[in-house]
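**Student:** Just so it is clear, I am handing over coords-v1.cif, which has mmCIF, C-alpha atoms.
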```cif
data_input
#
loop_
_atom_site.label_atom_id
_atom_site.label_comp_id
_atom_site.auth_asym_id
_atom_site.auth_seq_id
_atom_site.Cartn_x
_atom_site.Cartn_y
_atom_site.Cartn_z
CA ARG A 4 80.99 179.03 177.47
CA ALA A 5 83.29 176.41 175.92
CA LEU A 6 81.91 173.72 178.22
CA ARG A 7 78.35 174.67 177.39
CA LEU A 8 79.13 174.53 173.62
CA CYS A 9 80.72 171.10 174.05
CA ASP A 10 77.72 169.80 175.98
CA ALA A 11 75.39 171.09 173.27
CA THR A 12 77.45 169.38 170.55
CA VAL A 13 77.36 166.08 172.41
CA SER A 14 73.60 166.36 172.92
CA VAL A 15 73.03 166.96 169.19
CA ALA A 16 75.21 163.94 168.32
CA ARG A 17 73.27 161.78 170.74
CA ILE A 18 69.96 162.94 169.27
CA ARG A 19 71.16 162.13 165.73
CA ALA A 20 72.39 158.69 166.82
CA GLY A 21 69.05 158.03 168.48
CA CYS A 22 67.12 159.03 165.35
CA ALA A 23 69.32 156.76 163.23
CA ALA A 24 68.70 153.86 165.61
CA MET A 25 64.95 154.47 165.39
CA ARG A 26 65.07 154.45 161.60
CA ARG A 27 66.99 151.13 161.61
CA GLY A 28 64.45 149.65 163.95
CA ILE A 29 61.56 150.63 161.70
CA LEU A 30 63.05 150.09 158.24
CA GLY A 31 65.80 147.65 159.02
CA ASP A 32 69.47 148.11 158.69
CA PRO A 33 70.16 149.40 155.15
CA ARG A 34 73.57 147.71 155.26
CA ALA A 35 71.80 144.37 155.25
CA HIS A 36 70.38 145.11 151.78
CA ARG A 37 73.64 145.99 150.14
CA VAL A 38 74.60 143.83 147.15
CA PRO A 39 78.13 142.56 147.62
CA VAL A 40 80.49 143.43 144.82
CA ARG A 41 81.96 140.27 143.36
CA SER A 42 85.47 140.24 142.07
CA SER A 43 86.00 139.49 138.41
CA HIS A 44 88.26 136.65 139.49
CA SER A 45 85.74 135.00 141.76
CA SER A 46 83.90 131.83 140.68
CA PRO A 47 80.38 132.34 139.25
CA ALA A 48 77.48 131.70 141.56
CA ARG A 49 76.13 128.17 141.36
CA ALA A 50 72.58 127.96 139.98
CA GLN A 51 70.07 126.70 142.51
CA PRO A 52 67.88 123.76 141.38
CA ARG A 53 64.34 124.81 140.64
CA GLY A 54 61.17 122.84 140.17
CA PRO A 55 59.20 122.82 136.92
CA ALA A 56 57.46 125.98 135.85
CA PRO A 57 53.86 126.15 137.08
CA TRP A 58 52.54 125.94 133.52
CA VAL A 59 54.47 122.79 132.66
CA ARG A 60 52.42 119.60 133.10
CA VAL A 61 54.54 116.90 134.69
CA PRO A 62 53.48 113.45 133.44
CA THR A 63 52.44 111.17 136.27
CA ARG A 64 52.39 107.95 134.25
CA SER A 65 54.39 106.64 131.37
CA MET A 66 53.11 105.68 127.96
CA ALA A 67 52.29 101.99 127.75
CA THR A 68 52.47 99.52 124.93
CA GLY A 69 50.32 100.56 122.01
CA GLY A 70 50.31 104.24 122.95
CA ASN A 71 48.09 103.77 125.97
CA ASN A 72 47.87 106.35 128.75
CA VAL A 73 44.51 105.32 130.18
CA ASP A 74 44.29 105.19 133.96
CA THR A 75 44.28 101.97 135.91
CA GLU A 76 40.78 102.47 137.27
CA ARG A 77 39.27 102.66 133.80
CA ARG A 78 41.07 99.52 132.66
CA LYS A 79 39.83 97.66 135.69
CA ALA A 80 36.29 98.86 135.03
CA ASN A 81 36.37 97.41 131.49
CA ALA A 82 38.01 94.14 132.51
CA ARG A 83 35.88 91.06 133.06
CA ALA A 84 36.11 87.30 133.18
CA VAL A 85 35.37 85.72 129.80
CA ARG A 86 35.20 82.12 128.64
CA ALA A 87 37.53 81.87 125.66
CA VAL A 88 36.07 80.16 122.59
CA PRO A 89 37.90 79.35 119.33
CA ILE A 90 38.00 82.31 116.93
CA ARG A 91 38.16 81.92 113.16
CA VAL A 92 38.52 84.57 110.48
CA ILE A 93 37.26 83.29 107.13
CA LEU A 94 38.55 85.43 104.29
CA VAL A 95 37.60 85.19 100.61
CA SER A 96 40.80 86.24 98.88
CA LYS A 97 43.47 85.40 96.33
CA GLY A 98 46.15 85.89 98.98
CA GLY A 99 47.93 88.88 100.40
CA GLY A 100 51.57 88.17 99.67
CA LYS A 101 54.44 87.33 101.99
CA ASP A 102 54.73 90.74 103.65
CA MET A 103 51.04 90.98 104.46
CA ASP A 104 50.95 87.39 105.68
CA ASN A 105 53.87 88.10 108.00
CA ALA A 106 52.21 91.21 109.40
CA CYS A 107 48.91 89.40 109.94
CA GLY A 108 50.76 86.44 111.41
CA GLU A 109 52.11 88.62 114.19
CA TRP A 110 48.60 89.73 115.20
CA SER A 111 47.34 86.16 114.90
CA GLY A 112 50.02 85.07 117.35
CA ARG A 113 48.98 87.76 119.79
CA ILE A 114 45.33 86.73 119.63
CA GLY A 115 46.39 83.14 120.24
CA ARG A 116 47.57 84.09 123.72
CA TYR A 117 43.94 84.52 124.75
CA ALA A 118 41.96 82.04 122.67
CA PRO A 119 42.49 79.38 119.98
CA PHE A 120 42.74 81.26 116.70
CA GLU A 121 42.72 80.30 113.03
CA GLU A 122 42.70 82.11 109.71
CA ILE A 123 40.97 80.35 106.80
CA THR A 124 41.33 81.59 103.23
CA VAL A 125 38.68 80.70 100.66
CA LYS A 126 39.68 81.08 97.03
CA THR A 127 37.98 83.86 95.10
CA ASN A 128 35.49 82.63 92.47
CA PRO A 129 36.24 78.90 92.93
CA LYS A 130 33.87 77.93 90.09
CA ASN A 131 35.23 80.53 87.62
CA ALA A 132 31.74 81.96 87.18
CA LYS A 133 31.32 85.00 84.96
CA ASP A 134 28.20 86.25 86.71
CA PRO A 135 28.97 88.15 89.98
CA LYS A 136 25.97 86.60 91.72
CA ALA A 137 27.08 83.10 90.78
CA GLN A 138 30.57 83.97 91.96
CA MET A 139 29.25 85.06 95.38
CA GLU A 140 27.20 81.90 95.71
CA GLY A 141 30.20 79.73 94.87
CA GLU A 142 32.32 81.53 97.46
CA GLY A 143 29.49 81.34 99.97
CA GLU A 144 29.30 77.56 99.64
CA ARG A 145 32.98 77.27 100.51
CA VAL A 146 32.61 79.65 103.46
CA MET A 147 29.68 77.71 104.90
CA LYS A 148 31.79 74.55 105.06
CA HIS A 149 33.89 76.21 107.78
CA ILE A 150 30.95 77.39 109.91
CA ASP A 151 29.50 75.20 112.65
CA SER A 152 25.90 75.33 113.83
CA ARG A 153 27.05 76.45 117.31
CA ASP A 154 29.20 79.34 116.06
CA LEU A 155 28.44 83.01 116.58
CA VAL A 156 28.87 84.34 113.03
CA VAL A 157 29.83 87.98 112.48
CA LEU A 158 29.58 89.23 108.90
CA MET A 159 32.00 91.98 107.84
CA ASP A 160 30.15 94.26 105.44
CA GLU A 161 30.41 97.93 104.48
CA ARG A 162 26.67 98.30 105.15
CA GLY A 163 26.96 96.78 108.62
CA LYS A 164 26.77 98.40 112.01
CA ASP A 165 29.56 100.60 113.35
CA LEU A 166 31.13 99.33 116.57
CA THR A 167 33.56 100.90 118.99
CA SER A 168 36.48 98.81 120.19
CA GLU A 169 34.72 98.41 123.54
CA ALA A 170 31.58 97.17 121.77
CA LEU A 171 33.63 94.64 119.82
CA ALA A 172 35.09 93.46 123.11
CA GLU A 173 31.55 92.89 124.37
CA LEU A 174 30.81 90.89 121.23
CA VAL A 175 33.84 88.70 121.87
CA ALA A 176 32.66 88.23 125.44
CA GLU A 177 29.14 87.37 124.24
CA ALA A 178 30.51 84.41 122.28
CA GLY A 179 31.87 82.92 125.49
CA ASP A 180 29.10 83.94 127.87
CA GLY A 181 26.33 82.96 125.46
CA GLY A 182 27.38 79.32 125.25
CA TYR A 183 28.53 79.45 121.62
CA GLY A 184 31.00 76.89 120.37
CA GLY A 185 33.10 79.42 118.48
CA LEU A 186 33.30 82.93 117.07
CA VAL A 187 33.54 83.42 113.29
CA PHE A 188 34.35 86.64 111.42
CA ALA A 189 33.52 86.30 107.71
CA VAL A 190 35.12 88.64 105.18
CA GLY A 191 33.48 88.34 101.76
CA GLY A 192 34.87 88.49 98.25
CA PRO A 193 35.02 91.47 95.86
CA PHE A 194 31.25 91.40 95.30
CA GLY A 195 30.28 90.65 98.90
CA HIS A 196 28.71 87.64 100.59
CA GLY A 197 26.48 84.96 99.14
CA ALA A 198 22.87 84.62 100.28
CA ALA A 199 23.56 81.54 102.41
CA VAL A 200 26.24 83.34 104.42
CA ARG A 201 24.04 86.39 104.92
CA GLU A 202 21.19 84.27 106.21
CA ARG A 203 23.48 82.45 108.60
CA ALA A 204 25.03 85.60 110.07
CA ASP A 205 24.15 86.56 113.65
CA ARG A 206 25.67 90.04 113.42
CA THR A 207 26.71 92.33 110.57
CA ILE A 208 29.31 94.97 111.31
CA ARG A 209 31.79 97.12 109.41
CA LEU A 210 35.28 98.35 110.11
CA SER A 211 34.76 101.61 108.24
CA SER A 212 32.22 103.44 106.12
CA MET A 213 34.88 103.48 103.41
CA VAL A 214 35.58 100.50 101.17
CA MET A 215 38.77 98.68 102.14
CA ASN A 216 41.04 96.36 100.27
CA HIS A 217 40.41 92.86 101.62
CA GLN A 218 43.94 92.46 102.92
CA VAL A 219 43.82 95.84 104.65
CA ALA A 220 40.49 94.87 106.22
CA ARG A 221 42.06 91.60 107.31
CA LEU A 222 44.92 93.37 109.09
CA VAL A 223 42.64 95.91 110.78
CA LEU A 224 40.24 93.19 111.91
CA LEU A 225 43.01 91.13 113.48
CA GLU A 226 44.34 94.13 115.38
CA GLN A 227 40.85 94.93 116.64
CA ILE A 228 40.27 91.37 117.84
CA TYR A 229 43.54 91.55 119.76
CA ARG A 230 42.55 94.95 121.16
CA ALA A 231 39.20 93.52 122.26
CA TRP A 232 40.96 90.88 124.32
CA THR A 233 43.27 93.41 125.97
CA ILE A 234 40.17 95.41 126.95
CA LEU A 235 38.56 92.35 128.47
CA LYS A 236 41.77 91.52 130.36
CA GLY A 237 42.30 95.09 131.55
CA GLU A 238 45.73 95.25 129.96
CA PRO A 239 47.48 98.54 129.09
CA TYR A 240 47.11 98.48 125.30
CA HIS A 241 43.78 100.15 124.55
CA HIS A 242 43.31 103.87 125.24
#
```
Could you rewrite the structure in this file as structure tokens?

**Tutor:**
Amino acid sequence: RALRLCDATVSVARIRAGCAAMRRGILGDPRAHRVPVRSSHSSPARAQPRGPAPWVRVPTRSMATGGNNVDTERRKANARAVRAVPIRVILVSKGGGKDMDNACGEWSGRIGRYAPFEEITVKTNPKNAKDPKAQMEGEGERVMKHIDSRDLVVLMDERGKDLTSEALAELVAEAGDGGYGGLVFAVGGPFGHGAAVRERADRTIRLSSMVMNHQVARLVLLEQIYRAWTILKGEPYHH
């Protein structure tokens, strides 16, 4: 009887071991999932490097001069060969002061990289007329002395046409492609342009629907002329 009891005990143990082996085969060894207890004196686990979170947009191109992040393909699409003609900005003004002249001088220098450039200042009310109309005519006479018959003349006026920077670039290109001798931007006095200048103008545009101080308009115009050239050259300034 003792031998039989021993055999039965061994058989039960074997059955239990077999069942345990089956469970490990199906579910995996539970010992493999145990979390090792780390000693308080052990060094902390080193953080593994991770990539950016899926919601974080990784920039693929850097910001360019002038705040531009436009893609290369678009710049190339806007770029074109242009014959550079002399550009003149004729401004009726009393003067802008040293600081304004320095700021405008920087933009003038930039424009000069692409085409001959000149700023011409006509004195406000050169005949000291009391009548605004007579004042405009006197200023207009002085402005006309700086305009050639082969120039493309663009009048800056608050009632003129709105242009995008790309459209202004096309206007700059038109001066070269159209066989003009030069491109003139005329900025009038406090009362506007004289009749002779208006009749001579080929285009009338405006920088804004708001009225600008002449020196502010001067600075904005110069920057836009420079921007137009960077568009035509496909350079990373305009966006």

**Student:** Any idea what's packed within 12 Å of Glu202 in chain A, counting only C-alpha atoms, ignoring anything in its chain fewer than 5 positions away? Could you give it as a PyMOL selection string?

**Tutor:** chain A and resi 143+147+156-158+196-197+207

**Student:** For the residues in the current selection, export C-alpha atoms as an mmCIF file, in the coordinates of the input.

**Tutor:**
```cif
data_model
loop_
_atom_site.group_PDB
_atom_site.id
_atom_site.type_symbol
_atom_site.label_atom_id
_atom_site.label_comp_id
_atom_site.auth_asym_id
_atom_site.auth_seq_id
_atom_site.Cartn_x
_atom_site.Cartn_y
_atom_site.Cartn_z
ATOM 1 C CA GLY A 143 29.490 81.340 99.970
ATOM 2 C CA MET A 147 29.680 77.710 104.900
ATOM 3 C CA VAL A 156 28.870 84.340 113.030
ATOM 4 C CA VAL A 157 29.830 87.980 112.480
ATOM 5 C CA LEU A 158 29.580 89.230 108.900
ATOM 6 C CA HIS A 196 28.710 87.640 100.590
ATOM 7 C CA GLY A 197 26.480 84.960 99.140
ATOM 8 C CA THR A 207 26.710 92.330 110.570
#
```

**Student:** Residues near Ile234 in chain A, anyone? I mean within 8 Å using only C-alpha atoms, not counting same-chain ones fewer than 2 positions away, as an MDAnalysis selection string.

**Tutor:** chainID A and resid 78 81:82 169 172 230:232 236:238 240:241

**Student:** Let me know the residues the PyMOL selection byres ((chain A and resi 140) around 12) catches in the file above, as a PyMOL selection string.

**Tutor:** chain A and resi 95+127-139+141-147+191-192+194-201

**Student:** Deliver the residues from the most recent selection as a file, using C-alpha atoms, as a short mmCIF file (atom, residue, chain, number, x, y, z; two decimals), in the frame of the given file.

**Tutor:**
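Contents of out_18.cif, as written:
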```
data_model
loop_
_atom_site.label_atom_id
_atom_site.label_comp_id
_atom_site.auth_asym_id
_atom_site.auth_seq_id
_atom_site.Cartn_x
_atom_site.Cartn_y
_atom_site.Cartn_z
CA VAL A 95 37.60 85.19 100.61
CA THR A 127 37.98 83.86 95.10
CA ASN A 128 35.49 82.63 92.47
CA PRO A 129 36.24 78.90 92.93
CA LYS A 130 33.87 77.93 90.09
CA ASN A 131 35.23 80.53 87.62
CA ALA A 132 31.74 81.96 87.18
CA LYS A 133 31.32 85.00 84.96
CA ASP A 134 28.20 86.25 86.71
CA PRO A 135 28.97 88.15 89.98
CA LYS A 136 25.97 86.60 91.72
CA ALA A 137 27.08 83.10 90.78
CA GLN A 138 30.57 83.97 91.96
CA MET A 139 29.25 85.06 95.38
CA GLY A 141 30.20 79.73 94.87
CA GLU A 142 32.32 81.53 97.46
CA GLY A 143 29.49 81.34 99.97
CA GLU A 144 29.30 77.56 99.64
CA ARG A 145 32.98 77.27 100.51
CA VAL A 146 32.61 79.65 103.46
CA MET A 147 29.68 77.71 104.90
CA GLY A 191 33.48 88.34 101.76
CA GLY A 192 34.87 88.49 98.25
CA PHE A 194 31.25 91.40 95.30
CA GLY A 195 30.28 90.65 98.90
CA HIS A 196 28.71 87.64 100.59
CA GLY A 197 26.48 84.96 99.14
CA ALA A 198 22.87 84.62 100.28
CA ALA A 199 23.56 81.54 102.41
CA VAL A 200 26.24 83.34 104.42
CA ARG A 201 24.04 86.39 104.92
#
```

**Student:** Which residues would end up in the selection if the PyMOL selection byres ((chain A and resi 90-93) around 7) were applied here, given that I need the answer as a list in words?

**Tutor:** Val88, Pro89, Leu94, Val95, Ala118, Pro119, Phe120, Glu121, Glu122, Ile123, Thr124, Val146, Gly185, Leu186, Val187, Phe188, Ala189 and Val190 of chain A

**Student:** The PyMOL selection byres ((chain A and resi 164) around 8) on the file shown: which residues, as a PDB file with C-alpha atoms, keeping the file's coordinate frame?

**Tutor:**
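Final output, saved to result37.pdb:
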```pdb
ATOM      1  CA  ARG A 162      26.670  98.300 105.150  1.00  0.00           C
ATOM      2  CA  GLY A 163      26.960  96.780 108.620  1.00  0.00           C
ATOM      3  CA  ASP A 165      29.560 100.600 113.350  1.00  0.00           C
ATOM      4  CA  LEU A 166      31.130  99.330 116.570  1.00  0.00           C
ATOM      5  CA  THR A 207      26.710  92.330 110.570  1.00  0.00           C
ATOM      6  CA  ILE A 208      29.310  94.970 111.310  1.00  0.00           C
ATOM      7  CA  ARG A 209      31.790  97.120 109.410  1.00  0.00           C
TER       8      ARG A 209
END
```

**Student:** Please indicate the distance in Å from CA of Val85 in chain A to CA of Tyr117 in chain A, rounded to one decimal place.

**Tutor:**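 CA of Tyr117 in chain A lies at a distance of 10.0 Å from CA of Val85 in chain A.
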
**Student:** Point out the residue among A:Leu235, A:Lys126, A:Gly115, A:Glu161 with the least atom-to-atom distance to Glu177 in chain A, counting only C-alpha atoms.

**Tutor:**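 Of A:Leu235, A:Lys126, A:Gly115, A:Glu161, the one nearest Glu177 in chain A is A:Leu235, counting only C-alpha atoms.
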
**Student:** Could you work out how far CA of Asn216 in chain A lies from CA of Gly112 in chain A, giving the answer in Å with one decimal?

**Tutor:**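 Between CA of Gly112 in chain A and CA of Asn216 in chain A the gap works out to 22.4 Å.
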
**Student:** Please output range 213-226 of chain A, rebuilt to include N, CA and C atoms, as a compact mmCIF listing (two decimals), in the coordinates of the input.

**Tutor:**
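Just written: part-v5.txt:
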```txt
# COMPACT_ATOMS: atom_id res chain seq x y z
N MET A 213 34.16 103.50 104.68
CA MET A 213 34.88 103.48 103.41
C MET A 213 35.15 102.04 102.99
N VAL A 214 35.27 101.84 101.70
CA VAL A 214 35.58 100.50 101.17
C VAL A 214 37.06 100.23 101.36
N MET A 215 37.38 99.06 101.90
CA MET A 215 38.77 98.68 102.14
C MET A 215 39.19 97.53 101.23
N ASN A 216 40.44 97.54 100.88
CA ASN A 216 41.04 96.36 100.27
C ASN A 216 40.92 95.20 101.26
N HIS A 217 40.67 94.00 100.75
CA HIS A 217 40.41 92.86 101.62
C HIS A 217 41.59 92.58 102.56
N GLN A 218 42.79 92.74 102.08
CA GLN A 218 43.94 92.46 102.92
C GLN A 218 44.11 93.54 103.99
N VAL A 219 43.78 94.77 103.65
CA VAL A 219 43.82 95.84 104.65
C VAL A 219 42.76 95.58 105.72
N ALA A 220 41.56 95.20 105.28
CA ALA A 220 40.49 94.87 106.22
C ALA A 220 40.89 93.70 107.11
N ARG A 221 41.58 92.76 106.54
CA ARG A 221 42.06 91.60 107.31
C ARG A 221 43.00 92.05 108.43
N LEU A 222 43.95 92.90 108.10
CA LEU A 222 44.92 93.37 109.09
C LEU A 222 44.25 94.18 110.19
N VAL A 223 43.35 95.08 109.79
CA VAL A 223 42.64 95.91 110.78
C VAL A 223 41.78 95.04 111.69
N LEU A 224 41.10 94.07 111.12
CA LEU A 224 40.24 93.19 111.91
C LEU A 224 41.05 92.42 112.95
N LEU A 225 42.19 91.88 112.55
CA LEU A 225 43.01 91.13 113.48
C LEU A 225 43.48 92.02 114.64
N GLU A 226 43.90 93.22 114.31
CA GLU A 226 44.34 94.13 115.38
C GLU A 226 43.20 94.45 116.33
```
